[in-house]
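Enquirer: Just passing along the structure, written as structure tokens.
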Protein chains: 2
Amino acid sequence: MSEKITIYDIAKKLNITAATVSRALNNNPRISDATRKLVMETAASMGYTQNKLALALKSGKSNLVGVIVPYIDTSFFASIIRGIEEALYPEGYNVIICQTHETQEREVETVNTLLNAQVDGILMSVSKSSKDTTHFDHILNKKIPLVFFDRRKNVKGVSSVTIDDFEGGYEATKHLIEQGCKKIAHLSGDWSLEIYKKRFEGYKHALLDHGLEFDDKYLLHVKSDTAAGRAAVDTLMKLDEKPDAIFSSSDFVALGTIQRLQELGFSLPDDFCVVGFSNEPFTQLMELSISSVDQAPHEMGKMAAKVFLDHVSSVGKVKIEQKVELTPHLIIRKSSSKSAVSELAK
Amino acid sequence: MSEKITIYDIAKKLNITAATVSRALNNNPRISDATRKLVMETAASMGYTQNKLALALKSGKSNLVGVIVPYIDTSFFASIIRGIEEALYPEGYNVIICQTHETQEREVETVNTLLNAQVDGILMSVSKSSKDTTHFDHILNKKIPLVFFDRRKNVKGVSSVTIDDFEGGYEATKHLIEQGCKKIAHLSGDWSLEIYKKRFEGYKHALLDHGLEFDDKYLLHVKSDTAAGRAAVDTLMKLDEKPDAIFSSSDFVALGTIQRLQELGFSLPDDFCVVGFSNEPFTQLMELSISSVDQAPHEMGKMAAKVFLDHVSSVGKVKIEQKVELTPHLIIRKSSSKSAVSELAK
DNA sequence: TTGTACGCGTTATCAC
DNA sequence: GTGATAACGCGTACAA
């Protein structure tokens with residue numbers, strides 16, 4: 001009892017042909033109940049497991065889906081992958097994970113690897129440094145569904161699932177304005193990624209819609225870590241007109257600003273209101289819990305999987321690229337809840 | 001230019017046979033430089049990609065490795081998976097991810113799924129409710145390497161990579177004793193998992209080794225969330241002899257205890273010292289940063305992958321099961337750094 | 001109801 | 001150096 005058992009092994013044991021075994025195992029109607037039962041039982045006793053590779057080779061369908069992310073161990077992407085896995089597993093798909101480490105080189109490499117592995121689809125979030133798009137054409141030329149999530153590129157025929165980053169930026173800024181903040185700084189990221197640009201635009205429009213003017217000096221481009229947030233605070237403090245609120249495109253940056261502001265002796269949220277983006281797990285755990293825009297990554301993953309499934313189920317039919325935009329949800333916590341305003345609300 | 005290109009397509013175009021194309025592509029020595037170059041070029045121009053499924057079927061080697069975890073989106077497991085992926089990718093393996101949701105049922109199911117997918121190995125952390133072990137035998141019967149990480153079961157012939165949980169519990173407790181704590185409570189988890197039992201044993205031995213006695217009333221079994229930590233504090237506060245320190249097997253529980261203790265008006269770390277376990281990302285981000293035992297999940301993943309690679313490279317040779325035990329590292333932060341002791345150290 | 005024969009794409013083993 | 005052929009494990013028309 002060991003090694004790989006094939007339908008030939010069980011056929012030989014029963015003095016029948018492999019075709020019959022195959023039929024019995026697949027509940028083919030054209031087979032007697034007797035042999036079906038017999039085959040089923042001996043298959044189980046011999047410890048037979050179907051070789052999906054052979055099936056995949058024959059059918060041209062591997063039931064493998066590739067997922068490409070910058071890093072797997074950031075809570076945002078991990079949640080998305082969980083959503084994808086949980087939506088695809090019940091449909092019989094297995095998920096292969098690849099990381100790009102934010103480089104174009106690895107992105108191209110992993111795409112080719114997944115193509116070699118004959119995946120039935122690729123779900124991915126493009127890396128920051130991704131500029132060229134010919135590797136996406138490789139995928140499309142092979143008629144393999146490609147779905148972007150969160151970070152997308154404009155490629156014809158490719159569906160995407162994102163959140164409405166404009167809306168997220170708008171809501172966060174609007175909330176700060178409602179808290180009575182007048183001079184709201186915005187810490188943005190690398191604009192080669194659409195998401196940061198759109199969050200900024202939401203921020204800008206919210207200002208204008210509420211009679212505030214947009215001022216260049218309150219816009220900073222920073223990296224996504226706490227150190228960058230601390231440095232940003234120091235930069236802002238050199239201004240003649242210091243801001244009274246900060247909307248950051250990253251929770252880590254937001255945390256850095258809070259740390260630095262508190263070090264400088266400011267009282268939050270009364271002197272400064274801060275809102276972050278992503279609703280990282282830690283934001284709700286802090287003593288001064290941090291307001292943030294939730295991106296519903298689990299839902300995003302499920303939706304990306306659903307879009308893929310729609311694609312495969314609509315072969316032959318007109319398959320139109322889908323651009324799903326999820327609505328972000330601002331979660332208001334202590335870092336932006338001025339006591340004065342809270343009192344008013346009561 | 002589209003659809004799947006096979007070596008037959010390129011053979012036909014060049015009026016040669018598929019075997020020759022295969023040889024050219026695989027740098028077989030018995031081939032002329034002229035045809036090799038010709039094949040290489042036309043292969044590239046036609047957009048040929050090797051079908052690894054066919055290769056896998058023929059060779060019996062899929063270059064797929066299955067990874068099974070309770071949940072993919074906890075920082076600990078996500079880091080492990082990252083470590084695994086980064087160690088396996090350069091060796092030509094792709095990683096398939098499955099989640100058990102902590103149920104035995106899904107664990108058995110995912111194992112069978114991965115076996116069907118013809119994975120070359122399975123790396124897994126068993127689920128809490130996993131009791132039966134026959135599904136592990138299925139794996140071993142097929143001569144497929146199985147490696148446990150973090151959470152293991154005693155199964156003959158199975159390698160494992162864990163951290164020395166006894167050591168972790170011991171060091172954490174010893175540290176608390178050195179801070180001057182005399183009555184150290186321990187919040188443990190479900191003892192059906194070895195890890196929690198061992199952490200407790202480390203705790204107990206550290207007490208005894210330093211002349212403190214172990215007292216039942218300071219040992220509580222709790223779930224792994226902040227609510228459980230809060231509840232545990234309330235339970236401990238009902239004791240006549242209240243503890244002066246808490247060693248928790250979970251960072252989330254530790255956070256809960258800190259929140260509740262502060263609510264009750266205690267000053268930390270002077271009234272209470274708290275140490276957690278896992279070094280979750282948030283522990284270092286809190287205003288009162290939390291001391292914790294780091295499990296080096298990234299390293300653990302890399303090591304699990306390495307153990308697997310050792311297995312496959314030693315086919316035929318005596319392959320002995322490896323029991324790798326990584327050394328945990330206590331990270332001392334504010335939650336257990338008494339100012340008095342700190343002053344003394346200066 | 002069951003057996004026969006073929007093909008999925010690839011490489012390896014023969015021949016030539 | 002290259003061509004022909006078998007084999008990996010499976011499902012399925014076609015024949016019986």
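Chain labels A, B, ... are given in the sequence in which chains occur in the structure tokens; within each chain residues are numbered consecutively from 1, and ligands are likewise numbered from 1 in the order shown.
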Let's see if you can do this: from backbone DSSP, list all alpha helix (DSSP H) residues in range 110-278 of chain A, as a ChimeraX atom specification.
Expert: /A:110-116,134-141,165-178,194-209,226-236,251-263
Enquirer: Output C-alpha atoms of each residue in that selection to a file, as an mmCIF file, in the first residue's frame.
Expert:
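This is the output file result-v3.cif:
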data_model
loop_
_atom_site.group_PDB
_atom_site.id
_atom_site.type_symbol
_atom_site.label_atom_id
_atom_site.label_comp_id
_atom_site.auth_asym_id
_atom_site.auth_seq_id
_atom_site.Cartn_x
_atom_site.Cartn_y
_atom_site.Cartn_z
ATOM 1 C CA THR A 110 6.194 35.534 -12.247
ATOM 2 C CA VAL A 111 3.745 36.127 -15.079
ATOM 3 C CA ASN A 112 5.794 33.840 -17.295
ATOM 4 C CA THR A 113 6.076 31.245 -14.549
ATOM 5 C CA LEU A 114 2.323 31.203 -14.099
ATOM 6 C CA LEU A 115 1.788 30.993 -17.836
ATOM 7 C CA ASN A 116 4.100 27.983 -17.895
ATOM 8 C CA THR A 134 3.880 43.885 -22.779
ATOM 9 C CA HIS A 135 3.798 41.020 -20.301
ATOM 10 C CA PHE A 136 0.081 41.645 -19.894
ATOM 11 C CA ASP A 137 -0.321 41.154 -23.616
ATOM 12 C CA HIS A 138 1.322 37.741 -23.302
ATOM 13 C CA ILE A 139 -1.472 36.776 -20.941
ATOM 14 C CA LEU A 140 -4.233 38.145 -23.115
ATOM 15 C CA ASN A 141 -2.802 36.537 -26.260
ATOM 16 C CA ASP A 165 -9.997 56.024 -3.923
ATOM 17 C CA PHE A 166 -11.343 59.418 -4.888
ATOM 18 C CA GLU A 167 -14.325 58.802 -2.647
ATOM 19 C CA GLY A 168 -12.055 57.622 0.161
ATOM 20 C CA GLY A 169 -9.945 60.752 -0.032
ATOM 21 C CA TYR A 170 -13.033 62.906 -0.312
ATOM 22 C CA GLU A 171 -14.798 61.403 2.694
ATOM 23 C CA ALA A 172 -11.724 61.561 4.891
ATOM 24 C CA THR A 173 -11.149 65.209 4.041
ATOM 25 C CA LYS A 174 -14.800 66.118 4.380
ATOM 26 C CA HIS A 175 -14.810 64.529 7.819
ATOM 27 C CA LEU A 176 -11.818 66.629 8.855
ATOM 28 C CA ILE A 177 -13.539 69.756 7.612
ATOM 29 C CA GLU A 178 -16.598 68.847 9.638
ATOM 30 C CA GLU A 194 -3.309 55.626 -9.608
ATOM 31 C CA ILE A 195 -4.551 55.056 -6.076
ATOM 32 C CA TYR A 196 -2.462 57.830 -4.546
ATOM 33 C CA LYS A 197 -3.335 60.294 -7.251
ATOM 34 C CA LYS A 198 -7.043 59.614 -6.843
ATOM 35 C CA ARG A 199 -6.927 59.938 -3.080
ATOM 36 C CA PHE A 200 -5.292 63.295 -3.565
ATOM 37 C CA GLU A 201 -7.944 64.365 -6.031
ATOM 38 C CA GLY A 202 -10.650 63.381 -3.572
ATOM 39 C CA TYR A 203 -8.866 65.465 -0.960
ATOM 40 C CA LYS A 204 -8.588 68.461 -3.271
ATOM 41 C CA HIS A 205 -12.203 68.350 -4.402
ATOM 42 C CA ALA A 206 -13.456 68.049 -0.849
ATOM 43 C CA LEU A 207 -11.537 71.196 0.021
ATOM 44 C CA LEU A 208 -12.901 73.151 -2.917
ATOM 45 C CA ASP A 209 -16.457 71.882 -2.420
ATOM 46 C CA THR A 226 6.355 55.793 10.255
ATOM 47 C CA ALA A 227 9.724 57.494 9.756
ATOM 48 C CA ALA A 228 8.328 59.305 6.734
ATOM 49 C CA GLY A 229 5.391 60.459 8.833
ATOM 50 C CA ARG A 230 7.680 61.848 11.504
ATOM 51 C CA ALA A 231 9.787 63.658 8.940
ATOM 52 C CA ALA A 232 6.685 65.068 7.301
ATOM 53 C CA VAL A 233 5.583 66.603 10.586
ATOM 54 C CA ASP A 234 8.936 68.317 10.960
ATOM 55 C CA THR A 235 8.630 69.701 7.444
ATOM 56 C CA LEU A 236 5.123 70.989 8.075
ATOM 57 C CA ASP A 251 -1.775 54.338 8.121
ATOM 58 C CA PHE A 252 1.891 53.881 8.935
ATOM 59 C CA VAL A 253 2.630 57.441 7.929
ATOM 60 C CA ALA A 254 -0.362 58.591 9.973
ATOM 61 C CA LEU A 255 1.016 56.771 12.999
ATOM 62 C CA GLY A 256 4.391 58.424 12.495
ATOM 63 C CA THR A 257 2.801 61.855 12.412
ATOM 64 C CA ILE A 258 0.874 61.136 15.604
ATOM 65 C CA GLN A 259 3.999 59.951 17.389
ATOM 66 C CA ARG A 260 5.941 63.012 16.343
ATOM 67 C CA LEU A 261 3.154 65.460 17.108
ATOM 68 C CA GLN A 262 2.748 64.020 20.584
ATOM 69 C CA GLU A 263 6.499 64.259 21.140
#
Enquirer: Identify every residue of chain C that has at least one atom within 9 Å of any atom of chain A, counting only C-alpha atoms (C1' of nucleotides), and report the result as a VMD selection string.
Expert: chain C and resid 1 to 3 7 to 9
Enquirer: Restricting the output to C-alpha atoms (C1' of nucleotides), write the selected residues as a compact mmCIF listing (two decimals), in the first residue's frame.
Expert:
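Contents of out-v5.txt, as written:
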# COMPACT_ATOMS: atom_id res chain seq x y z
C1' DT C 1 -22.99 -2.20 -20.30
C1' DT C 2 -18.22 -2.61 -21.55
C1' DG C 3 -13.88 -2.64 -24.47
C1' DG C 7 -4.99 12.61 -27.87
C1' DC C 8 -3.51 16.25 -24.47
C1' DG C 9 2.37 18.20 -24.74
Enquirer: Do you have, as JSON lines, the list of residues of chain B lying at most 8 Å from chain A, each with its nearest atom pair and that distance in Å to one decimal, counting only C-alpha atoms and ordered by chain then number?
Expert:
{"residue": "B:Met1", "atom": "CA", "partner": "A:Asn141", "partner_atom": "CA", "distance": 7.0}
{"residue": "B:Ser2", "atom": "CA", "partner": "A:Asn141", "partner_atom": "CA", "distance": 4.6}
{"residue": "B:Glu3", "atom": "CA", "partner": "A:Lys142", "partner_atom": "CA", "distance": 4.5}
{"residue": "B:Lys4", "atom": "CA", "partner": "A:Lys142", "partner_atom": "CA", "distance": 6.1}
{"residue": "B:Gly47", "atom": "CA", "partner": "A:His138", "partner_atom": "CA", "distance": 7.9}
{"residue": "B:Thr49", "atom": "CA", "partner": "A:Asn116", "partner_atom": "CA", "distance": 5.9}
{"residue": "B:Gln50", "atom": "CA", "partner": "A:Asn116", "partner_atom": "CA", "distance": 5.6}
{"residue": "B:Asn51", "atom": "CA", "partner": "A:Asn116", "partner_atom": "CA", "distance": 5.4}
{"residue": "B:Lys52", "atom": "CA", "partner": "A:Ala117", "partner_atom": "CA", "distance": 5.3}
{"residue": "B:Leu53", "atom": "CA", "partner": "A:Leu57", "partner_atom": "CA", "distance": 6.1}
{"residue": "B:Ala54", "atom": "CA", "partner": "A:Leu57", "partner_atom": "CA", "distance": 6.2}
{"residue": "B:Ala56", "atom": "CA", "partner": "A:Leu53", "partner_atom": "CA", "distance": 7.4}
{"residue": "B:Leu57", "atom": "CA", "partner": "A:Ala54", "partner_atom": "CA", "distance": 6.2}
{"residue": "B:Tyr71", "atom": "CA", "partner": "A:Arg82", "partner_atom": "CA", "distance": 7.6}
{"residue": "B:Ile72", "atom": "CA", "partner": "A:Arg82", "partner_atom": "CA", "distance": 6.1}
{"residue": "B:Asp73", "atom": "CA", "partner": "A:Ala78", "partner_atom": "CA", "distance": 4.7}
{"residue": "B:Thr74", "atom": "CA", "partner": "A:Ser75", "partner_atom": "CA", "distance": 7.5}
{"residue": "B:Ser75", "atom": "CA", "partner": "A:Asp73", "partner_atom": "CA", "distance": 6.5}
{"residue": "B:Ala78", "atom": "CA", "partner": "A:Asp73", "partner_atom": "CA", "distance": 4.7}
{"residue": "B:Ser79", "atom": "CA", "partner": "A:Asp73", "partner_atom": "CA", "distance": 5.2}
{"residue": "B:Ile81", "atom": "CA", "partner": "A:Ile72", "partner_atom": "CA", "distance": 7.7}
{"residue": "B:Arg82", "atom": "CA", "partner": "A:Ile72", "partner_atom": "CA", "distance": 6.0}
{"residue": "B:Glu85", "atom": "CA", "partner": "A:Cys98", "partner_atom": "CA", "distance": 7.5}
{"residue": "B:Asn94", "atom": "CA", "partner": "A:Ile96", "partner_atom": "CA", "distance": 6.7}
{"residue": "B:Val95", "atom": "CA", "partner": "A:Ile96", "partner_atom": "CA", "distance": 5.5}
{"residue": "B:Ile96", "atom": "CA", "partner": "A:Ile96", "partner_atom": "CA", "distance": 4.5}
{"residue": "B:Ile97", "atom": "CA", "partner": "A:Val95", "partner_atom": "CA", "distance": 6.0}
{"residue": "B:Cys98", "atom": "CA", "partner": "A:Glu85", "partner_atom": "CA", "distance": 7.5}
{"residue": "B:Asn112", "atom": "CA", "partner": "A:Thr49", "partner_atom": "CA", "distance": 7.9}
{"residue": "B:Leu115", "atom": "CA", "partner": "A:Thr49", "partner_atom": "CA", "distance": 7.3}
{"residue": "B:Asn116", "atom": "CA", "partner": "A:Asn51", "partner_atom": "CA", "distance": 5.4}
{"residue": "B:Ala117", "atom": "CA", "partner": "A:Lys52", "partner_atom": "CA", "distance": 5.3}
{"residue": "B:Gln118", "atom": "CA", "partner": "A:Asn51", "partner_atom": "CA", "distance": 6.6}
{"residue": "B:His138", "atom": "CA", "partner": "A:Gly47", "partner_atom": "CA", "distance": 7.7}
{"residue": "B:Asn141", "atom": "CA", "partner": "A:Ser2", "partner_atom": "CA", "distance": 4.5}
{"residue": "B:Lys142", "atom": "CA", "partner": "A:Glu3", "partner_atom": "CA", "distance": 4.4}
{"residue": "B:Lys143", "atom": "CA", "partner": "A:Glu3", "partner_atom": "CA", "distance": 6.3}
{"residue": "B:Pro281", "atom": "CA", "partner": "A:Phe282", "partner_atom": "CA", "distance": 7.9}
{"residue": "B:Phe282", "atom": "CA", "partner": "A:Phe282", "partner_atom": "CA", "distance": 5.4}
{"residue": "B:Leu285", "atom": "CA", "partner": "A:Phe282", "partner_atom": "CA", "distance": 7.7}
{"residue": "B:Met286", "atom": "CA", "partner": "A:Met286", "partner_atom": "CA", "distance": 5.7}
{"residue": "B:Glu287", "atom": "CA", "partner": "A:Glu287", "partner_atom": "CA", "distance": 7.2}
Enquirer: What separation in Å, quoted to one decimal, exists between CA of Gln322 in chain B and CA of Ser159 in chain B?
Expert: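 Result for CA of Gln322 in chain B versus CA of Ser159 in chain B: 4.6 Å, one decimal.
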Enquirer: Would you list, as an MDAnalysis selection string, the residues of range 64-169 of chain B that end up in strand (DSSP E or B) under DSSP run on this structure's backbone?
Expert: chainID B and resid 64:69 94:99 121:124 146:149 159:163
Enquirer: With a cut-off of 7 Å and counting only C-alpha atoms (C1' of nucleotides), select all residues of chain D in contact with chain B and give the selection as a ChimeraX atom specification.
Expert: /D:1-3,8
Enquirer: Which residues are near Met303 in chain B? Cut-off 8 Å, only C-alpha atoms (C1' of nucleotides), ignore same chain within fewer than 3 positions. Put them as an mmCIF file with N, CA and C atoms, in the first residue's frame.
Expert:
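result.cif, written as the output of this step:
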data_model
loop_
_atom_site.group_PDB
_atom_site.id
_atom_site.type_symbol
_atom_site.label_atom_id
_atom_site.label_comp_id
_atom_site.auth_asym_id
_atom_site.auth_seq_id
_atom_site.Cartn_x
_atom_site.Cartn_y
_atom_site.Cartn_z
ATOM 1 N N ILE B 84 8.506 30.764 3.012
ATOM 2 C CA ILE B 84 8.448 29.543 2.209
ATOM 3 C C ILE B 84 8.546 29.885 0.721
ATOM 4 N N VAL B 161 9.516 21.962 11.858
ATOM 5 C CA VAL B 161 10.266 23.166 12.198
ATOM 6 C C VAL B 161 9.419 23.947 13.189
ATOM 7 N N GLU B 299 11.946 33.321 9.124
ATOM 8 C CA GLU B 299 13.002 32.306 9.189
ATOM 9 C C GLU B 299 12.404 30.908 9.256
ATOM 10 N N MET B 300 11.317 30.807 10.002
ATOM 11 C CA MET B 300 10.676 29.506 10.142
ATOM 12 C C MET B 300 10.198 28.994 8.791
ATOM 13 N N LYS B 306 13.551 24.671 3.457
ATOM 14 C CA LYS B 306 14.866 24.043 3.358
ATOM 15 C C LYS B 306 14.795 22.557 3.738
ATOM 16 N N VAL B 307 14.045 22.270 4.773
ATOM 17 C CA VAL B 307 13.875 20.877 5.196
ATOM 18 C C VAL B 307 13.218 20.068 4.082
#
